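Next comes coords-v8.cif, a file with mmCIF, C-alpha atoms.
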```
data_protein
loop_
_atom_site.label_atom_id
_atom_site.label_comp_id
_atom_site.auth_asym_id
_atom_site.auth_seq_id
_atom_site.Cartn_x
_atom_site.Cartn_y
_atom_site.Cartn_z
CA MET O 1 25.93 -56.47 36.23
CA LYS O 2 26.83 -55.07 39.62
CA ILE O 3 24.37 -52.59 41.06
CA VAL O 4 25.81 -50.38 43.77
CA SER O 5 22.58 -48.64 44.61
CA LEU O 6 19.26 -47.94 43.00
CA ASP O 7 18.55 -45.03 45.27
CA PRO O 8 18.80 -41.93 43.07
CA ARG O 9 20.18 -40.00 46.05
CA VAL O 10 23.14 -42.35 46.12
CA ALA O 11 23.60 -42.88 42.40
CA ARG O 12 23.16 -39.27 41.42
CA THR O 13 22.79 -38.12 37.85
CA GLU O 14 25.43 -35.95 36.22
CA LYS O 15 25.51 -32.31 37.19
CA VAL O 16 24.11 -29.93 34.60
CA GLU O 17 26.74 -27.51 33.32
CA GLY O 18 25.92 -23.83 32.97
CA THR O 19 22.79 -22.10 34.16
CA VAL O 20 19.18 -23.14 33.90
CA GLU O 21 16.55 -20.51 33.20
CA LEU O 22 13.46 -20.85 35.37
CA SER O 23 10.34 -19.17 34.14
CA PRO O 24 8.51 -17.14 36.79
CA LEU O 25 5.28 -18.33 38.41
CA THR O 26 5.48 -21.93 37.33
CA GLU O 27 4.08 -22.90 40.71
CA PHE O 28 0.53 -24.01 41.17
CA GLN O 29 -2.10 -21.80 42.78
CA THR O 30 -2.57 -21.97 46.54
CA TYR O 31 -5.45 -23.19 48.65
CA GLU O 32 -6.20 -22.21 52.24
CA VAL O 33 -6.62 -25.25 54.48
CA PHE O 34 -9.13 -25.53 57.32
CA HIS O 35 -8.93 -28.36 59.76
CA GLN O 36 -11.67 -29.75 62.04
CA LYS O 37 -10.59 -31.79 65.03
CA LYS O 38 -13.98 -33.06 66.12
CA ARG O 39 -17.32 -33.15 64.44
CA GLY O 40 -19.32 -30.13 65.58
CA GLU O 41 -16.26 -28.04 66.33
CA GLN O 42 -15.22 -25.10 64.18
CA HIS O 43 -12.87 -25.59 61.28
CA GLU O 44 -9.63 -23.80 62.01
CA HIS O 45 -7.36 -22.24 59.43
CA VAL O 46 -4.03 -24.05 59.51
CA GLY O 47 -2.10 -22.93 56.44
CA ILE O 48 -1.85 -23.27 52.67
CA VAL O 49 -0.97 -25.86 50.05
CA HIS O 50 0.01 -25.57 46.41
CA ALA O 51 -2.15 -27.72 44.15
CA PRO O 52 -3.14 -27.88 40.49
CA ASN O 53 -6.82 -28.58 41.22
CA ASP O 54 -9.42 -28.95 43.97
CA GLU O 55 -9.15 -32.72 44.45
CA MET O 56 -5.39 -32.65 44.78
CA ALA O 57 -5.61 -29.71 47.16
CA LEU O 58 -7.63 -31.93 49.49
CA LEU O 59 -5.12 -34.78 49.16
CA PHE O 60 -2.19 -32.53 49.92
CA ALA O 61 -4.04 -30.81 52.77
CA LYS O 62 -4.42 -34.21 54.39
CA ASP O 63 -0.72 -34.89 54.20
CA GLN O 64 0.50 -31.45 55.23
CA TYR O 65 -1.96 -30.66 57.98
CA ALA O 66 -3.68 -33.83 59.12
CA ARG O 67 -0.76 -36.18 59.53
CA ARG O 68 -0.56 -35.79 63.29
CA GLY O 69 -3.24 -35.55 65.96
CA LEU O 70 -6.97 -35.62 65.47
CA CYS O 71 -8.88 -34.71 62.34
CA VAL O 72 -12.34 -35.61 61.07
CA ASN O 73 -12.80 -33.14 58.25
CA LEU O 74 -10.85 -30.78 56.01
CA TRP O 75 -11.87 -27.79 53.91
CA VAL O 76 -9.80 -26.26 51.16
CA VAL O 77 -10.62 -22.92 49.60
CA LYS O 78 -8.78 -21.27 46.73
CA SER O 79 -6.72 -18.46 48.24
CA GLU O 80 -7.97 -16.12 45.51
CA HIS O 81 -11.52 -16.67 46.79
CA VAL O 82 -10.74 -15.24 50.21
CA ILE O 83 -11.94 -11.68 50.62
CA ALA O 84 -9.70 -9.94 53.13
CA SER O 85 -9.68 -6.61 54.88
CA SER O 86 -6.74 -4.36 54.23
CA TYR O 87 -3.84 -3.96 56.64
CA GLU O 88 -3.98 -0.24 55.90
CA ASP O 89 -7.36 -0.24 57.62
CA SER O 90 -6.20 -2.16 60.66
CA ASP O 91 -6.76 1.00 62.73
CA ILE O 92 -10.47 0.13 62.69
CA PHE O 93 -9.62 -2.44 65.35
CA ASP O 94 -7.45 -0.14 67.48
CA THR O 95 -9.93 0.51 70.28
CA THR O 96 -11.40 -3.00 70.37
CA PRO O 97 -9.14 -4.41 73.12
CA GLY O 98 -10.37 -1.65 75.44
CA LYS O 99 -14.04 -2.58 75.08
CA THR O 100 -14.14 -4.91 78.05
CA TYR O 101 -17.90 -4.48 78.32
CA ARG O 102 -18.11 -6.76 75.29
CA GLU O 103 -16.46 -9.54 77.26
CA ALA O 104 -18.23 -11.58 79.91
CA GLY O 105 -15.33 -10.92 82.26
CA GLY O 106 -15.99 -7.18 81.93
CA TYR O 107 -19.02 -7.38 84.18
CA LYS O 108 -18.66 -7.37 87.95
CA VAL O 109 -21.93 -9.01 88.97
CA MET O 110 -21.01 -11.43 91.71
CA ASP O 111 -21.57 -8.74 94.37
CA LYS O 112 -25.09 -8.15 93.09
CA ILE O 113 -25.84 -11.87 92.88
CA ASN O 114 -24.60 -12.47 96.42
CA LYS O 115 -26.57 -9.51 97.68
CA PHE O 116 -29.69 -10.87 96.00
CA LYS O 117 -29.12 -14.33 97.44
CA GLY O 118 -28.63 -12.80 100.88
CA LYS O 119 -32.03 -11.09 100.71
CA LYS O 120 -33.90 -14.37 100.07
CA MET K 1 -6.12 -78.73 62.25
CA ASP K 2 -3.09 -76.63 63.04
CA ASN K 3 -2.66 -73.94 60.44
CA THR K 4 0.06 -71.91 62.18
CA ILE K 5 2.68 -72.53 59.49
CA ALA K 6 0.33 -71.52 56.69
CA LEU K 7 -0.71 -68.44 58.65
CA LYS K 8 2.89 -67.46 59.25
CA ASN K 9 3.77 -67.85 55.58
CA PHE K 10 0.79 -65.75 54.64
CA LEU K 11 1.75 -63.01 57.09
CA PHE K 12 5.34 -63.00 55.85
CA ARG K 13 4.23 -62.55 52.24
CA LEU K 14 2.03 -59.65 53.22
CA ALA K 15 4.55 -58.03 55.56
CA ASP K 16 7.41 -58.38 53.08
CA ASP K 17 5.36 -56.74 50.31
CA HIS K 18 4.71 -53.74 52.51
CA LEU K 19 8.25 -53.54 53.87
CA ILE K 20 9.92 -53.64 50.47
CA LEU K 21 7.48 -51.32 48.73
CA GLY K 22 7.54 -48.95 51.70
CA HIS K 23 11.33 -48.83 51.45
CA ARG K 24 11.23 -48.36 47.69
CA ASN K 25 8.68 -45.58 47.82
CA SER K 26 10.67 -43.80 50.52
CA GLU K 27 13.40 -43.37 47.90
CA TRP K 28 11.28 -40.52 46.54
CA THR K 29 11.70 -38.53 49.75
CA GLY K 30 13.32 -35.24 48.83
CA LEU K 31 12.92 -35.92 45.12
CA GLY K 32 9.17 -35.81 44.60
CA PRO K 33 7.78 -33.75 41.73
CA MET K 34 6.60 -31.01 44.11
CA LEU K 35 6.90 -30.37 47.83
CA GLU K 36 3.34 -31.35 48.74
CA GLU K 37 3.47 -34.55 46.71
CA ASP K 38 6.89 -35.40 48.11
CA ILE K 39 5.44 -35.24 51.62
CA ALA K 40 2.32 -37.17 50.63
CA PHE K 41 4.30 -39.98 48.99
CA SER K 42 6.72 -40.15 51.90
CA ASN K 43 3.83 -40.33 54.38
CA MET K 44 2.37 -43.24 52.50
CA ALA K 45 5.74 -44.98 52.38
CA GLN K 46 5.94 -44.62 56.16
CA ASP K 47 2.42 -46.03 56.46
CA LYS K 48 3.56 -49.10 54.55
CA LEU K 49 6.47 -49.64 56.91
CA GLY K 50 4.05 -49.26 59.82
CA GLN K 51 1.79 -51.90 58.31
CA ALA K 52 4.75 -54.22 57.83
CA LEU K 53 5.81 -53.67 61.45
CA ALA K 54 2.32 -54.51 62.74
CA LEU K 55 2.34 -57.73 60.70
CA TYR K 56 5.82 -58.72 61.95
CA GLU K 57 4.53 -58.07 65.47
CA ILE K 58 1.74 -60.59 64.92
CA LEU K 59 4.39 -63.01 63.67
CA GLU K 60 6.37 -62.44 66.85
CA THR K 61 3.38 -63.54 68.93
CA LEU K 62 3.38 -66.71 66.82
CA GLY K 63 6.95 -67.49 67.83
CA GLU K 64 8.97 -65.68 65.17
CA LEU K 65 11.92 -63.42 66.02
CA PRO K 66 11.30 -59.71 66.80
CA PRO K 67 10.32 -57.41 63.90
CA ASP K 68 13.73 -55.76 63.49
CA THR K 69 15.44 -59.12 63.32
CA VAL K 70 13.13 -60.58 60.70
CA ALA K 71 13.05 -57.36 58.69
CA PHE K 72 16.80 -56.78 58.71
CA THR K 73 18.64 -60.07 58.96
CA ARG K 74 17.04 -62.56 56.62
CA ALA K 75 18.73 -63.73 53.44
CA GLU K 76 17.31 -62.52 50.13
CA ASN K 77 15.66 -65.86 49.27
CA LYS K 78 13.81 -65.89 52.59
CA TYR K 79 11.80 -62.84 51.63
CA THR K 80 8.50 -63.75 50.01
CA CYS K 81 7.41 -60.41 48.63
CA CYS K 82 6.16 -60.41 45.04
CA GLN K 83 8.73 -59.30 42.49
CA TYR K 84 6.65 -56.25 41.60
CA VAL K 85 7.55 -54.38 44.78
CA GLU K 86 11.29 -54.86 44.27
CA HIS K 87 11.53 -53.00 41.01
CA PRO K 88 13.33 -49.64 41.16
CA ILE K 89 11.16 -46.56 41.45
CA GLY K 90 11.93 -45.54 37.88
CA GLU K 91 10.40 -42.26 36.86
CA TYR K 92 7.35 -40.90 38.63
CA ASP K 93 4.98 -42.47 36.10
CA PHE K 94 6.22 -45.96 37.06
CA SER K 95 5.94 -45.29 40.78
CA LEU K 96 2.46 -43.79 40.44
CA VAL K 97 1.13 -46.69 38.41
CA ARG K 98 2.62 -49.19 40.87
CA HIS K 99 1.08 -47.19 43.71
CA PHE K 100 -2.29 -47.39 41.91
CA LEU K 101 -2.15 -51.09 41.08
CA PHE K 102 -0.61 -52.28 44.35
CA ASP K 103 -2.64 -50.15 46.73
CA HIS K 104 -5.96 -51.12 45.19
CA ALA K 105 -5.01 -54.74 45.84
CA ALA K 106 -3.82 -53.89 49.36
CA TYR K 107 -7.01 -52.04 50.20
CA LEU K 108 -9.25 -54.88 49.02
CA ARG K 109 -7.04 -57.43 50.76
CA PHE K 110 -7.27 -55.66 54.09
CA GLU K 111 -11.00 -55.20 53.61
CA MET K 112 -11.30 -58.97 53.15
CA LEU K 113 -8.99 -59.56 56.12
CA THR K 114 -11.36 -57.74 58.48
CA GLN K 115 -13.26 -61.07 58.34
CA SER K 116 -10.17 -63.21 58.94
CA SER K 117 -10.29 -66.09 61.41
CA CYS K 118 -6.92 -64.82 62.70
CA GLU K 119 -8.23 -62.33 65.21
CA PRO K 120 -5.18 -60.04 65.56
CA LEU K 121 -5.01 -59.84 61.77
CA ALA K 122 -8.72 -58.98 61.51
CA LYS K 123 -8.25 -56.26 64.11
CA LEU K 124 -5.22 -54.84 62.34
CA ALA K 125 -7.07 -54.87 59.02
CA ALA K 126 -9.97 -52.90 60.51
CA LYS K 127 -7.50 -50.41 61.94
CA VAL K 128 -5.45 -49.71 58.80
CA LYS K 129 -8.19 -49.99 56.20
CA GLY K 130 -8.88 -46.24 56.34
CA GLU K 131 -5.20 -45.45 55.96
CA ILE K 132 -4.98 -47.51 52.77
CA LYS K 133 -8.28 -46.03 51.56
CA TYR K 134 -6.52 -42.67 51.45
CA HIS K 135 -3.65 -44.22 49.49
CA VAL K 136 -6.18 -45.42 46.94
CA MET K 137 -7.84 -41.98 46.78
CA HIS K 138 -4.45 -40.41 46.20
CA ALA K 139 -3.58 -42.87 43.45
CA ASP K 140 -6.96 -42.63 41.74
CA ILE K 141 -6.85 -38.86 41.49
CA TRP K 142 -3.35 -38.88 40.00
CA ILE K 143 -4.26 -41.57 37.48
CA GLU K 144 -7.41 -39.73 36.48
CA LYS K 145 -5.70 -36.34 36.16
CA LEU K 146 -2.80 -37.72 34.14
CA GLY K 147 -5.00 -40.02 32.06
CA LEU K 148 -7.18 -37.06 31.11
CA GLY K 149 -4.27 -34.60 31.07
CA ASN K 150 -2.43 -33.97 27.84
CA GLU K 151 -1.15 -36.28 25.16
CA GLU K 152 2.15 -36.88 26.91
CA SER K 153 0.71 -37.59 30.35
CA HIS K 154 -1.87 -39.95 28.86
CA ALA K 155 0.71 -41.79 26.76
CA ARG K 156 3.11 -42.18 29.68
CA ILE K 157 0.49 -43.53 32.06
CA GLN K 158 -0.95 -45.90 29.46
CA SER K 159 2.47 -47.26 28.55
CA MET K 160 3.27 -47.73 32.25
CA ILE K 161 0.03 -49.64 32.78
CA ASN K 162 0.99 -51.91 29.89
CA GLU K 163 4.48 -52.35 31.30
CA ASN K 164 3.34 -52.86 34.90
CA PHE K 165 0.38 -55.10 34.41
CA ASN K 166 2.04 -58.53 34.32
CA LEU K 167 4.22 -57.55 37.25
CA ALA K 168 1.09 -56.51 39.15
CA LEU K 169 -0.55 -59.87 38.39
CA GLY K 170 2.35 -61.38 40.35
CA ILE K 171 0.84 -59.91 43.53
CA PHE K 172 -1.77 -62.68 43.31
CA GLU K 173 0.72 -65.54 42.89
CA SER K 174 -0.74 -68.62 44.52
CA SER K 175 1.26 -70.50 47.14
CA ALA K 176 1.33 -74.16 48.16
CA ASP K 177 -0.68 -73.39 51.28
CA GLU K 178 -3.38 -71.44 49.45
CA GLN K 179 -6.15 -74.03 50.03
CA GLU K 180 -5.30 -74.34 53.70
CA ILE K 181 -5.44 -70.56 54.10
CA ILE K 182 -8.85 -70.44 52.45
CA SER K 183 -10.34 -73.43 54.26
CA SER K 184 -9.17 -72.23 57.66
CA GLY K 185 -10.76 -68.84 57.08
CA ILE K 186 -7.53 -66.85 57.26
CA PHE K 187 -8.10 -65.29 53.85
CA GLU K 188 -10.56 -65.89 51.05
CA GLY K 189 -7.82 -66.41 48.49
CA GLU K 190 -5.73 -64.68 45.85
CA GLU K 191 -8.06 -65.53 42.95
CA LEU K 192 -11.03 -63.82 44.61
CA LEU K 193 -8.86 -60.83 45.47
CA LYS K 194 -7.68 -60.60 41.86
CA ALA K 195 -11.29 -60.63 40.61
CA LYS K 196 -12.25 -57.87 43.04
CA TRP K 197 -9.16 -55.90 42.05
CA LEU K 198 -9.97 -56.05 38.34
CA GLU K 199 -13.50 -54.94 39.16
CA ALA K 200 -12.17 -51.98 41.16
CA ILE K 201 -9.48 -50.70 38.80
CA THR K 202 -11.31 -51.12 35.49
CA PRO K 203 -13.91 -48.33 35.93
CA ILE K 204 -11.25 -45.90 37.16
CA LEU K 205 -9.08 -46.61 34.14
CA ASN K 206 -12.08 -46.31 31.81
CA LYS K 207 -13.05 -42.99 33.35
CA SER K 208 -9.46 -41.83 32.81
CA ASN K 209 -9.41 -42.82 29.14
CA LEU K 210 -6.97 -45.63 29.95
CA LYS K 211 -7.29 -49.35 29.46
CA LEU K 212 -5.92 -52.63 30.68
CA PRO K 213 -3.75 -54.59 28.27
CA GLY K 214 -5.63 -57.23 26.27
CA GLU K 215 -6.35 -60.40 28.25
CA ASN K 216 -4.45 -62.53 25.72
CA THR K 217 -1.24 -60.76 26.81
CA TRP K 218 -1.69 -61.40 30.54
CA ASN K 219 1.21 -63.37 31.88
CA PRO K 220 1.85 -62.96 35.63
CA VAL K 221 5.45 -62.47 36.74
CA LEU K 222 5.81 -65.20 39.37
CA GLY K 223 8.48 -66.46 41.75
CA GLY K 224 8.59 -63.90 44.52
CA ARG K 225 6.29 -65.85 46.81
CA ASN K 226 8.75 -68.75 46.65
CA GLY K 227 11.82 -66.65 47.31
CA TYR K 228 12.88 -66.17 43.69
CA HIS K 229 13.67 -62.51 43.20
CA THR K 230 14.91 -60.03 40.64
CA ILE K 231 18.42 -58.57 40.63
CA TYR K 232 16.94 -55.49 42.29
CA LEU K 233 16.12 -56.97 45.70
CA GLN K 234 19.60 -57.74 47.04
CA PRO K 235 20.98 -54.19 46.60
CA LEU K 236 17.88 -52.87 48.37
CA LEU K 237 18.35 -55.30 51.25
CA THR K 238 22.05 -54.52 51.54
CA GLU K 239 21.24 -50.86 51.84
CA MET K 240 18.29 -51.36 54.18
CA GLN K 241 20.22 -53.71 56.46
CA GLU K 242 23.44 -51.70 56.45
CA VAL K 243 22.86 -49.68 59.61
CA PHE K 244 21.29 -52.55 61.51
CA ALA K 245 24.22 -54.78 60.62
CA ILE K 246 26.75 -52.40 62.19
CA ASP K 247 25.40 -53.12 65.63
CA PRO K 248 22.36 -55.41 65.83
CA SER K 249 22.14 -54.94 69.60
CA ALA K 250 21.99 -51.13 69.48
CA GLU K 251 19.13 -49.48 71.36
CA TRP K 252 17.26 -46.81 69.39
#
```
Can you dump the structure from the file as structure tokens?
Amino acid sequence: MKIVSLDPRVARTEKVEGTVELSPLTEFQTYEVFHQKKRGEQHEHVGIVHAPNDEMALLFAKDQYARRGLCVNLWVVKSEHVIASSYEDSDIFDTTPGKTYREAGGYKVMDKINKFKGKK
Amino acid sequence: MDNTIALKNFLFRLADDHLILGHRNSEWTGLGPMLEEDIAFSNMAQDKLGQALALYEILETLGELPPDTVAFTRAENKYTCCQYVEHPIGEYDFSLVRHFLFDHAAYLRFEMLTQSSCEPLAKLAAKVKGEIKYHVMHADIWIEKLGLGNEESHARIQSMINENFNLALGIFESSADEQEIISSGIFEGEELLKAKWLEAITPILNKSNLKLPGENTWNPVLGGRNGYHTIYLQPLLTEMQEVFAIDPSAEW
């Protein structure tokens, strides 16, 4: 027996004639993946995986999102368990960028501090 | 007592197992049952090649030729991998069961090797142990889910365990230098590893409603450690060596 190749990509199977009907939504549910680079740091959302169950979601999360760089911990959460605001309501955030007083940089205090220091 | 030859033989057996299985498992790339699993299985195949490379690098420090040369230019009968790793990937049930049986042995072996008298090997074992631990987690979850899945998934995994088991026992084939390897503290021996392996896989199989074949049917498939291989190894080597053979001096 002479074997040319055992790699199925080389020794391809016969092409299927005609059309194949795919039923809709045969995919697994999705999980949101959160990745923590260092213990103590926040978990950051990095993307989603398809998985049939919780344990496999964690396995796949490791391979999709923790195969490069640092990671110490992963969370997966079923996408359906995420409660999200509506894009129709995104106008509630419209004026937020203008509220500089909510940012530390919005306060000009160095003059006051220097003045105070000068007095001493 | 100089144990360099025994150590080298031991390292070659280990490196060849990981090289050949890593190559085999990479044949699933692009063909996995689903995208996420395709990537996971390919990652693990890459890990195996990385482990083989690290072992060939230790061999190089012991006077052997560079990793690429030993990986790509030896004749078939110079490879001392067990026959189990040469077998074609088959359907996914075969590859998963091999992944389960082989990686449990690999994990326990590297755990034992963290105590090896060969210092670079002990260091390497400590480094890659976690990597292989993930491989075992991956395999265990698949085996459990399919074992407890439906009638078909259970039947396919059980029949693959029956079919794979004697091949898997070949992982622990004893070599002529076995006693020397044990007495010089390189490795505690294949028999001890096999006992630990059986202890590790049995509860997972039980939990998954699967069982090992009856002990009266155990009959290890031997030969690989002495360079006797199946008809499947040479085509793999020809393919693997093909690019290297075009221009062995090429810089990558």
Inset, instruction - Would you translate the PyMOL selection byres ((chain K) within 10 of (chain O)) into the concrete set of residues it matches in this file, as a ChimeraX atom specification? - result: /K:24,26-31,34-44,87-90,134-135,137-138,141-142,145,231-236,238-239
Inset, instruction - Pick out the residues sitting within 12 Å of Ser183 of chain K, and hand them over as a PyMOL selection string; count all atoms listed in the file, and ignore anything fewer than 4 positions along from it in its own chain. - result: chain K and resi 1-3+6-7+116-117+177-179+187-189
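Pairwise distance (atom CA of Glu76 of chain K, atom CA of Ala15 of chain K) equals 14.6 Å.
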Inset, instruction - Let me know the residues the PyMOL selection byres ((chain K and resi 83) around 12) catches in the file above, as a ChimeraX atom specification. - result: /K:13,16-17,20-21,76-77,79-82,84-88,98,102,164,166-173,220-234
Those residues you just picked out, can you put them in a file as a CSV table (one decimal), in the coordinates of the input with C-alpha atoms?
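Here's the written file result.csv:
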```
chain,number,residue,atom,x,y,z
K,13,ARG,CA,4.2,-62.6,52.2
K,16,ASP,CA,7.4,-58.4,53.1
K,17,ASP,CA,5.4,-56.7,50.3
K,20,ILE,CA,9.9,-53.6,50.5
K,21,LEU,CA,7.5,-51.3,48.7
K,76,GLU,CA,17.3,-62.5,50.1
K,77,ASN,CA,15.7,-65.9,49.3
K,79,TYR,CA,11.8,-62.8,51.6
K,80,THR,CA,8.5,-63.8,50.0
K,81,CYS,CA,7.4,-60.4,48.6
K,82,CYS,CA,6.2,-60.4,45.0
K,84,TYR,CA,6.6,-56.2,41.6
K,85,VAL,CA,7.6,-54.4,44.8
K,86,GLU,CA,11.3,-54.9,44.3
K,87,HIS,CA,11.5,-53.0,41.0
K,88,PRO,CA,13.3,-49.6,41.2
K,98,ARG,CA,2.6,-49.2,40.9
K,102,PHE,CA,-0.6,-52.3,44.4
K,164,ASN,CA,3.3,-52.9,34.9
K,166,ASN,CA,2.0,-58.5,34.3
K,167,LEU,CA,4.2,-57.6,37.2
K,168,ALA,CA,1.1,-56.5,39.2
K,169,LEU,CA,-0.6,-59.9,38.4
K,170,GLY,CA,2.4,-61.4,40.4
K,171,ILE,CA,0.8,-59.9,43.5
K,172,PHE,CA,-1.8,-62.7,43.3
K,173,GLU,CA,0.7,-65.5,42.9
K,220,PRO,CA,1.8,-63.0,35.6
K,221,VAL,CA,5.4,-62.5,36.7
K,222,LEU,CA,5.8,-65.2,39.4
K,223,GLY,CA,8.5,-66.5,41.8
K,224,GLY,CA,8.6,-63.9,44.5
K,225,ARG,CA,6.3,-65.8,46.8
K,226,ASN,CA,8.8,-68.8,46.6
K,227,GLY,CA,11.8,-66.6,47.3
K,228,TYR,CA,12.9,-66.2,43.7
K,229,HIS,CA,13.7,-62.5,43.2
K,230,THR,CA,14.9,-60.0,40.6
K,231,ILE,CA,18.4,-58.6,40.6
K,232,TYR,CA,16.9,-55.5,42.3
K,233,LEU,CA,16.1,-57.0,45.7
K,234,GLN,CA,19.6,-57.7,47.0
```
Inset, instruction - Show which residues sit within 9 Å of Gly50 of chain K, as a PyMOL selection string. Count all atoms listed in the file, and ignore same-chain residues fewer than 6 positions away. - result: chain K and resi 18-19+22
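One distance worth recording is that between atom CA of Asn73 of chain O and atom CA of Gln36 of chain O, which is 5.2 Å.
Picture a line from atom CA of Glu32 of chain O to atom CA of Ala84 of chain O; it runs 12.8 Å.
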Matched chain/residue IDs from the PyMOL selection byres ((chain K and resi 147-161) around 9), as a PDB file with C-alpha atoms, in the coordinates of the input:
```pdb
ATOM      1  CA  ASP K  93       4.980 -42.470  36.100  1.00  0.00           C
ATOM      2  CA  PHE K  94       6.220 -45.960  37.060  1.00  0.00           C
ATOM      3  CA  LEU K  96       2.460 -43.790  40.440  1.00  0.00           C
ATOM      4  CA  VAL K  97       1.130 -46.690  38.410  1.00  0.00           C
ATOM      5  CA  ARG K  98       2.620 -49.190  40.870  1.00  0.00           C
ATOM      6  CA  LEU K 101      -2.150 -51.090  41.080  1.00  0.00           C
ATOM      7  CA  TRP K 142      -3.350 -38.880  40.000  1.00  0.00           C
ATOM      8  CA  ILE K 143      -4.260 -41.570  37.480  1.00  0.00           C
ATOM      9  CA  GLU K 144      -7.410 -39.730  36.480  1.00  0.00           C
ATOM     10  CA  LYS K 145      -5.700 -36.340  36.160  1.00  0.00           C
ATOM     11  CA  LEU K 146      -2.800 -37.720  34.140  1.00  0.00           C
ATOM     12  CA  ASN K 162       0.990 -51.910  29.890  1.00  0.00           C
ATOM     13  CA  GLU K 163       4.480 -52.350  31.300  1.00  0.00           C
ATOM     14  CA  ASN K 164       3.340 -52.860  34.900  1.00  0.00           C
ATOM     15  CA  PHE K 165       0.380 -55.100  34.410  1.00  0.00           C
ATOM     16  CA  LEU K 205      -9.080 -46.610  34.140  1.00  0.00           C
ATOM     17  CA  LYS K 207     -13.050 -42.990  33.350  1.00  0.00           C
ATOM     18  CA  SER K 208      -9.460 -41.830  32.810  1.00  0.00           C
ATOM     19  CA  ASN K 209      -9.410 -42.820  29.140  1.00  0.00           C
ATOM     20  CA  LEU K 210      -6.970 -45.630  29.950  1.00  0.00           C
ATOM     21  CA  LYS K 211      -7.290 -49.350  29.460  1.00  0.00           C
ATOM     22  CA  LEU K 212      -5.920 -52.630  30.680  1.00  0.00           C
ATOM     23  CA  PRO K 213      -3.750 -54.590  28.270  1.00  0.00           C
TER      24      PRO K 213
END
```
Using all atoms listed in the file, find each residue of segment 64-111 of chain K with at least one atom at most 8 Å away from an atom of segment 57-60 of chain K; report its shortest atom-to-atom pair and that distance in Å (one decimal), sort the rows by chain and rising residue number, and return the result as a Markdown table.
```
| residue | atom | partner | partner_atom | distance |
| --- | --- | --- | --- | --- |
| K:Glu64 | CA | K:Glu60 | CA | 4.5 |
| K:Leu65 | CA | K:Glu60 | CA | 5.7 |
| K:Pro66 | CA | K:Glu60 | CA | 5.6 |
| K:Pro67 | CA | K:Glu57 | CA | 6.0 |
```
